[in-house]
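Q: What follows is the file structure.txt, containing compact mmCIF, C-alpha atoms:
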# COMPACT_ATOMS: atom_id res chain seq x y z
CA MET A 278 11.67 -32.99 -6.43
CA THR A 279 12.04 -29.77 -4.44
CA ALA A 280 13.38 -26.93 -6.57
CA SER A 281 15.74 -24.18 -5.50
CA VAL A 282 13.80 -20.91 -5.08
CA SER A 283 15.24 -17.39 -5.16
CA ASN A 284 13.58 -14.03 -4.49
CA PHE A 285 16.55 -12.04 -5.79
CA TYR A 286 16.88 -13.05 -9.44
CA TYR A 287 17.95 -9.50 -10.34
CA GLY A 288 19.96 -8.89 -7.17
CA ALA A 289 19.15 -5.92 -4.93
CA ALA A 290 17.26 -4.02 -7.66
CA THR A 291 13.85 -5.57 -7.01
CA PRO A 292 13.79 -5.40 -3.18
CA VAL A 293 15.01 -1.79 -3.20
CA ALA A 294 12.46 -0.75 -5.85
CA ALA A 295 9.71 -2.65 -4.00
CA TYR A 296 10.59 -0.89 -0.74
CA LEU A 297 10.53 2.53 -2.39
CA MET A 298 7.08 1.87 -3.84
CA ALA A 299 5.76 0.79 -0.44
CA CYS A 300 7.17 4.02 1.05
CA LEU A 301 5.62 6.12 -1.72
CA GLY A 302 2.17 4.61 -1.23
CA ALA A 303 2.38 5.05 2.55
CA ALA A 304 3.59 8.66 2.27
CA LEU A 305 0.79 9.62 -0.12
CA GLY A 306 -1.78 7.87 2.06
CA LEU A 307 -0.63 9.72 5.18
CA ARG A 308 -0.70 13.09 3.44
CA CYS A 309 -4.16 12.43 2.02
CA THR A 310 -5.46 11.54 5.49
CA THR A 311 -4.02 14.78 6.84
CA ARG A 312 -5.93 16.65 4.13
CA SER A 313 -9.15 14.92 5.23
CA LEU A 314 -8.61 16.26 8.76
CA ARG A 315 -8.27 19.78 7.42
CA ARG A 316 -11.21 19.55 5.04
CA PRO A 317 -14.13 17.61 6.51
CA HIS A 318 -16.40 18.62 3.63
CA ARG A 319 -13.98 16.80 1.27
CA ARG A 320 -13.14 14.03 3.72
CA ALA A 321 -14.45 11.11 1.65
CA ARG A 322 -12.49 12.18 -1.43
CA TRP A 323 -9.20 12.51 0.42
CA LEU A 324 -9.71 9.25 2.30
CA ALA A 325 -10.54 7.47 -0.96
CA LEU A 326 -7.42 8.85 -2.63
CA GLY A 327 -5.36 7.83 0.40
CA ALA A 328 -6.76 4.30 0.33
CA VAL A 329 -6.06 3.93 -3.38
CA SER A 330 -2.52 5.26 -2.89
CA ILE A 331 -1.71 2.86 -0.04
CA GLY A 332 -3.39 -0.08 -1.79
CA CYS A 333 -1.58 0.55 -5.07
CA GLY A 334 1.69 1.05 -3.20
CA ILE A 335 1.38 -2.28 -1.38
CA TRP A 336 0.32 -4.15 -4.52
CA THR A 337 3.07 -2.54 -6.61
CA MET A 338 5.60 -3.43 -3.94
CA HIS A 339 4.46 -7.07 -4.06
CA PHE A 340 4.70 -7.49 -7.82
CA ILE A 341 7.94 -5.56 -8.23
CA ALA A 342 9.39 -7.93 -5.63
CA MET A 343 7.90 -10.86 -7.57
CA ILE A 344 9.92 -9.86 -10.62
CA GLY A 345 12.87 -11.22 -8.66
CA PHE A 346 11.13 -14.54 -7.90
CA SER A 347 12.61 -17.50 -9.75
CA VAL A 348 12.38 -21.29 -9.57
CA GLN A 349 15.43 -23.20 -10.77
CA GLY A 350 14.49 -25.48 -13.63
CA ALA A 351 10.92 -24.21 -13.95
CA LEU A 352 9.03 -21.67 -16.02
CA VAL A 353 7.05 -19.07 -14.06
CA GLY A 354 3.91 -17.31 -15.28
CA TYR A 355 0.88 -15.53 -13.82
CA ASP A 356 -2.89 -15.72 -14.19
CA ALA A 357 -4.02 -12.22 -15.23
CA THR A 358 -7.47 -12.46 -13.60
CA LYS A 359 -6.14 -13.40 -10.18
CA THR A 360 -3.42 -10.79 -10.47
CA VAL A 361 -5.91 -7.98 -11.11
CA LEU A 362 -8.24 -9.38 -8.42
CA SER A 363 -5.41 -9.14 -5.90
CA LEU A 364 -5.11 -5.41 -6.71
CA ALA A 365 -8.83 -4.93 -6.10
CA VAL A 366 -8.52 -6.75 -2.78
CA ALA A 367 -5.61 -4.55 -1.70
CA ILE A 368 -7.46 -1.30 -2.43
CA THR A 369 -10.73 -2.52 -0.90
CA VAL A 370 -9.32 -3.68 2.43
CA VAL A 371 -7.17 -0.56 2.82
CA ALA A 372 -10.26 1.57 2.10
CA ILE A 373 -12.19 -0.23 4.83
CA GLY A 374 -9.47 0.51 7.36
CA VAL A 375 -8.92 4.12 6.29
CA PHE A 376 -12.62 4.96 6.30
CA LEU A 377 -13.12 3.30 9.70
CA VAL A 378 -10.48 5.48 11.35
CA GLY A 379 -11.38 8.48 9.19
CA TYR A 380 -15.01 8.53 10.32
CA ARG A 381 -15.00 6.69 13.66
CA GLY A 382 -11.74 7.97 15.09
CA GLY A 383 -8.52 6.50 16.39
CA SER A 384 -9.65 4.80 19.59
CA PRO A 385 -7.74 1.62 20.49
CA VAL A 386 -10.77 -0.58 19.78
CA ASN A 387 -11.42 1.00 16.40
CA LEU A 388 -7.74 0.91 15.44
CA GLY A 389 -7.56 -2.74 16.46
CA LEU A 390 -10.61 -3.62 14.36
CA ALA A 391 -9.53 -1.58 11.33
CA GLY A 392 -5.93 -2.82 11.56
CA THR A 393 -6.98 -6.46 11.81
CA VAL A 394 -9.35 -6.24 8.84
CA THR A 395 -6.80 -4.37 6.74
CA GLY A 396 -3.88 -6.60 7.74
CA LEU A 397 -5.79 -9.79 6.97
CA GLY A 398 -6.79 -8.27 3.64
CA VAL A 399 -3.20 -7.36 2.79
CA ALA A 400 -2.15 -10.92 3.61
CA ALA A 401 -5.02 -12.20 1.44
CA MET A 402 -3.78 -9.96 -1.40
CA HIS A 403 -0.28 -11.42 -1.04
CA TYR A 404 -1.38 -15.05 -1.08
CA LEU A 405 -3.93 -14.45 -3.83
CA GLY A 406 -1.09 -13.02 -5.88
CA MET A 407 0.91 -16.14 -5.10
CA ALA A 408 -2.04 -18.30 -6.17
CA ALA A 409 -1.84 -16.58 -9.58
CA ILE A 410 1.55 -18.19 -10.21
CA HIS A 411 1.71 -20.86 -12.91
CA THR A 412 4.70 -23.19 -12.91
CA ASN A 413 5.40 -26.84 -13.61
CA GLY A 414 5.25 -27.68 -9.93
CA GLY A 415 3.24 -27.14 -6.78
CA LEU A 416 3.75 -24.34 -4.26
CA HIS A 417 3.88 -25.42 -0.63
CA TYR A 418 3.95 -23.23 2.47
CA ASP A 419 5.49 -23.51 5.91
CA MET A 420 2.49 -22.61 8.05
CA PRO A 421 4.32 -21.08 11.06
CA THR A 422 6.11 -18.71 8.68
CA VAL A 423 2.80 -17.92 6.97
CA ALA A 424 1.27 -17.11 10.37
CA LEU A 425 4.21 -14.82 11.13
CA SER A 426 3.72 -12.98 7.83
CA VAL A 427 0.01 -12.47 8.61
CA ALA A 428 0.90 -11.14 12.08
CA ILE A 429 3.36 -8.70 10.51
CA ALA A 430 0.67 -7.58 8.05
CA VAL A 431 -1.83 -6.92 10.86
CA GLY A 432 0.78 -5.07 12.90
CA ALA A 433 1.90 -2.99 9.92
CA ALA A 434 -1.68 -2.12 8.97
CA THR A 435 -2.56 -1.09 12.53
CA ALA A 436 0.56 1.07 12.79
CA ALA A 437 -0.17 2.68 9.40
CA LEU A 438 -3.74 3.53 10.41
CA TRP A 439 -2.54 4.91 13.75
CA ALA A 440 -0.01 7.08 11.91
CA ALA A 441 -2.70 8.24 9.49
CA VAL A 442 -4.76 9.82 12.29
CA SER A 443 -1.92 10.75 14.65
CA ILE A 444 1.03 12.05 12.58
CA HIS A 445 0.40 15.20 10.57
CA ARG A 446 3.68 17.08 10.25
CA LEU A 447 5.31 16.67 6.85
CA TRP A 448 8.69 15.35 7.98
CA SER A 449 7.14 13.14 10.65
CA SER A 450 4.81 11.54 8.11
CA LEU A 451 7.71 10.99 5.71
CA GLY A 452 9.64 9.27 8.47
CA ALA A 453 6.61 7.14 9.31
CA SER A 454 6.28 6.12 5.66
CA LEU A 455 9.89 4.86 5.66
CA VAL A 456 9.12 2.70 8.69
CA MET A 457 5.90 1.44 7.09
CA GLY A 458 7.85 0.56 3.95
CA VAL A 459 10.10 -1.69 6.04
CA ALA A 460 7.08 -3.37 7.67
CA VAL A 461 5.17 -3.99 4.45
CA THR A 462 8.22 -5.20 2.53
CA GLY A 463 9.19 -7.34 5.50
CA MET A 464 5.76 -8.96 5.43
CA HIS A 465 6.23 -9.81 1.76
CA TYR A 466 9.64 -11.42 2.14
CA THR A 467 8.55 -13.25 5.29
CA GLY A 468 5.69 -14.74 3.28
CA MET A 469 8.08 -15.63 0.49
CA ALA A 470 10.36 -17.40 2.97
CA ALA A 471 7.49 -19.79 3.62
CA VAL A 472 7.38 -20.93 -0.04
CA SER A 473 8.84 -24.12 -1.43
CA VAL A 474 8.23 -25.52 -4.90
CA HIS A 475 7.93 -29.23 -5.66
CA LEU A 476 8.47 -29.79 -9.38
CA THR A 477 6.24 -32.17 -11.28
CA GLY A 478 6.52 -33.42 -14.85
CA HIS A 479 9.18 -32.27 -17.29
CA SER A 480 11.36 -29.42 -16.03
CA ALA A 481 12.40 -26.49 -18.13
CA THR A 482 16.09 -25.68 -18.27
CA ALA A 483 15.77 -21.96 -17.55
CA GLN A 484 13.38 -19.29 -16.40
CA SER A 485 11.46 -17.47 -19.12
CA SER A 486 12.42 -14.05 -17.78
CA THR A 487 11.51 -11.93 -20.81
CA SER A 488 7.85 -12.89 -21.04
CA LEU A 489 7.44 -12.79 -17.26
CA LEU A 490 9.01 -9.35 -17.01
CA SER A 491 6.83 -8.03 -19.85
CA PHE A 492 3.66 -9.30 -18.18
CA LEU A 493 4.50 -7.86 -14.77
CA LEU A 494 5.51 -4.49 -16.21
CA LEU A 495 2.19 -4.36 -18.08
CA MET A 496 0.32 -5.14 -14.86
CA LEU A 497 2.30 -2.49 -12.98
CA ALA A 498 1.62 0.28 -15.49
CA GLY A 499 -1.88 1.11 -14.20
CA PRO A 500 -1.08 1.29 -10.45
CA LEU A 501 2.09 3.26 -11.17
CA ALA A 502 0.08 5.79 -13.17
CA VAL A 503 -2.42 6.08 -10.30
CA LEU A 504 0.41 6.73 -7.83
CA LEU A 505 1.83 9.39 -10.15
CA VAL A 506 -1.52 11.17 -10.38
CA ALA A 507 -1.97 10.97 -6.60
CA ALA A 508 1.51 12.41 -6.10
CA VAL A 509 0.72 15.33 -8.40
CA ILE A 510 -2.56 16.04 -6.55
CA VAL A 511 -0.85 15.97 -3.15
CA MET A 512 2.19 17.99 -4.21
CA PHE A 513 0.15 20.77 -5.79
CA ASP A 514 -2.39 20.95 -3.00
CA PRO A 515 -2.23 24.42 -1.36
CA ASP A 516 -1.67 22.93 2.11
CA MET A 517 1.52 21.24 0.89
CA MET A 518 2.75 24.48 -0.63
CA LEU A 519 1.98 26.43 2.57
CA GLY A 520 3.55 23.84 4.86
CA ASP A 521 2.17 22.25 7.99
CA ASP A 522 3.21 25.11 10.24
CA GLN A 523 1.34 27.74 8.24
CA GLU A 524 -2.13 26.39 8.86
CA ALA A 525 -3.31 24.61 11.99
CA LEU A 526 -4.94 21.24 11.74
CA ILE A 527 -8.58 20.93 12.57
CA PRO A 528 -8.60 19.25 16.00
CA TYR A 529 -9.13 15.52 15.81
CA ARG A 530 -11.34 14.01 18.49
CA THR A 531 -10.95 10.30 19.06
CA GLY A 532 -14.10 8.40 18.30
CA ALA A 533 -16.05 11.43 17.08
CA ASP A 534 -16.72 13.35 13.92
CA PHE A 535 -14.45 16.21 13.01
CA PRO A 536 -15.48 19.73 13.99
CA ALA A 537 -17.00 22.04 11.45
CA GLN A 538 -14.74 23.66 8.86
CA PRO A 539 -13.25 27.00 10.01
CA SER A 540 -14.99 30.11 8.81
CA ALA A 541 -13.94 32.05 5.74
CA GLN A 542 -12.48 34.79 7.96
CA SER A 543 -10.15 32.39 9.76
CA SER A 544 -8.96 30.62 6.58
CA PRO A 545 -9.29 32.99 3.66
CA SER A 546 -6.70 31.13 1.63
CA ALA A 547 -8.72 27.91 1.68
CA GLN A 548 -11.71 29.30 -0.22
CA PRO A 549 -10.34 29.47 -3.79
CA TYR A 550 -9.50 25.75 -3.79
CA SER A 551 -12.83 23.99 -4.11
CA SER A 552 -12.14 20.91 -6.24
CA TRP A 553 -10.39 18.99 -3.42
What does this structure look like when you write it as structure tokens?
A:
Amino acid sequence: MTASVSNFYYGAATPVAAYLMACLGAALGLRCTTRSLRRPHRRARWLALGAVSIGCGIWTMHFIAMIGFSVQGALVGYDATKTVLSLAVAITVVAIGVFLVGYRGGSPVNLGLAGTVTGLGVAAMHYLGMAAIHTNGGLHYDMPTVALSVAIAVGAATAALWAAVSIHRLWSSLGASLVMGVAVTGMHYTGMAAVSVHLTGHSATAQSSTSLLSFLLLMLAGPLAVLLVAAVIVMFDPDMMLGDDQEALIPYRTGADFPAQPSAQSSPSAQPYSSW
């Protein structure tokens, strides 16, 4: 028997919250990449923080949206190991893409490679998270819709990586993060549109929402804390306080390493801040 599936068990609350988390992760990632362009000697640290921010934002978006996932007449639960593994996959594939463009530049070939790897990884994170679902039925997928969701993931990842090396002004990067939030959230709900559930065995009469919500909130606590720490680091960075117009970006050369850091005479304000 095919069950009725909903992705909006709590109404608009979960998709709106999921979208905001995707935007937050994208915004932090873009700002961290901008910092890496200004500070080549700290490039790896900023790129790593950006990758973690984007990865946690995407993963948090996915599982906040999954709070609204319900199957009529079936209990829904999650395998903790696969759930955590999907977070590791998200951070790892985003790191690959960010470091590729951070060190090898934003040429079309490099962006295509990095975007494809990252997009496929994001899709893998999504479907690994779906594989963690336990219910008294089997999940089935409409393959054309799955293919569309993967294509959206690759396109969104490529656009995000392009924005990371091309958009540096504060308001422009915030606008780009809003667009990326739409793309990433759209990928999730496109993938969810491919899902159908065929119930097997005895059906439960209602969804066990309390235990499911408790589990997902526990899983979300760590990534949310990471995003909070990343936001504090970015907000209190001296470049953010000065503003983009107060200090010129180090020129970015496509396909090449960044130039050497400006001398102490040209950027006296940058010297006291050595930790990042």
Q: Counting only C-alpha atoms, what is within 7 Å of Val282 of chain A, bar same-chain residues fewer than 2 positions away, as a ChimeraX atom specification?
A: /A:280,284,347-349,473
Q: Counting all atoms listed in the file, which residue out of A:Val353, A:Ala372, A:Val509, A:Ala365 sits closest to Ile410 of chain A?
A: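 Using all atoms listed in the file, the shortest distance to Ile410 of chain A belongs to A:Val353.
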Q: Point out the residue among A:Gly350, A:Val506, A:Ala430, A:Tyr380 with the least atom-to-atom distance to Gly396 of chain A, counting only C-alpha atoms.
A: A:Ala430
Q: Which residue, A:Met420, A:Val442, A:Val456, A:Ala471, has the smallest gap to Arg312 of chain A when you use only C-alpha atoms?
A: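 For Arg312 of chain A, the nearest of the given residues is A:Val442.
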Q: Find the residue from A:Leu495, A:Ile335, A:Ala357, A:Ala401 that sits nearest to Ala295 of chain A; use all atoms listed in the file when measuring.
A: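 Once distances to Ala295 of chain A are computed over all atoms listed in the file, the minimum belongs to A:Ile335.
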Q: Just give me the gap between atom CA of Thr395 of chain A and atom CA of Ala367 of chain A in Å, one decimal is fine.
A: 8.5 Å
Q: Could you give me, as an mmCIF file with C-alpha atoms, in the coordinates of the input, the residues within 10 Å of Val329 of chain A, counting all atoms listed in the file and dropping anything in the same chain fewer than 5 positions from it?
A:
data_model
loop_
_atom_site.group_PDB
_atom_site.id
_atom_site.type_symbol
_atom_site.label_atom_id
_atom_site.label_comp_id
_atom_site.auth_asym_id
_atom_site.auth_seq_id
_atom_site.Cartn_x
_atom_site.Cartn_y
_atom_site.Cartn_z
ATOM 1 C CA GLY A 302 2.170 4.610 -1.230
ATOM 2 C CA LEU A 305 0.790 9.620 -0.120
ATOM 3 C CA GLY A 306 -1.780 7.870 2.060
ATOM 4 C CA TRP A 323 -9.200 12.510 0.420
ATOM 5 C CA LEU A 324 -9.710 9.250 2.300
ATOM 6 C CA GLY A 334 1.690 1.050 -3.200
ATOM 7 C CA ILE A 335 1.380 -2.280 -1.380
ATOM 8 C CA LEU A 364 -5.110 -5.410 -6.710
ATOM 9 C CA ALA A 365 -8.830 -4.930 -6.100
ATOM 10 C CA ALA A 367 -5.610 -4.550 -1.700
ATOM 11 C CA ILE A 368 -7.460 -1.300 -2.430
ATOM 12 C CA THR A 369 -10.730 -2.520 -0.900
ATOM 13 C CA VAL A 371 -7.170 -0.560 2.820
ATOM 14 C CA ALA A 372 -10.260 1.570 2.100
ATOM 15 C CA PRO A 500 -1.080 1.290 -10.450
ATOM 16 C CA VAL A 503 -2.420 6.080 -10.300
ATOM 17 C CA LEU A 504 0.410 6.730 -7.830
ATOM 18 C CA ALA A 507 -1.970 10.970 -6.600
#
Q: Looking at A:Ala424, A:Ala502, A:Val361, A:Ala460, which one is nearest to Ala299 of chain A, with distances taken over only C-alpha atoms?
A: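 Among the listed residues, the smallest separation from Ala299 of chain A belongs to A:Ala460.
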Q: Please report the interatomic distance between atom CA of Thr435 of chain A and atom CA of Leu447 of chain A in Å with one decimal.
A: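 Distance between the two atoms: 20.2 Å.
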Q: Which is closest to Met469 of chain A among A:Asn413, A:Ser426, A:Thr358, A:Thr291, if we use all atoms listed in the file?
A: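 Under the stated criterion, the closest residue is A:Ser426.
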Q: What does the distance between atom CA of Thr337 of chain A and atom CA of Val399 of chain A come to in Å, to one decimal place?
A: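 Value for the atom CA of Thr337 of chain A-atom CA of Val399 of chain A distance: 12.3 Å.
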Q: Please return the centre and edge lengths, in Å to one decimal, of a box with edges along x, y and z that contains all listed atoms of segment 298-312 of chain A, widened by 5 Å on every side, as JSON.
A:
{"center_x": 0.6, "center_y": 8.7, "center_z": 1.5, "size_x": 23.1, "size_y": 25.9, "size_z": 20.7}
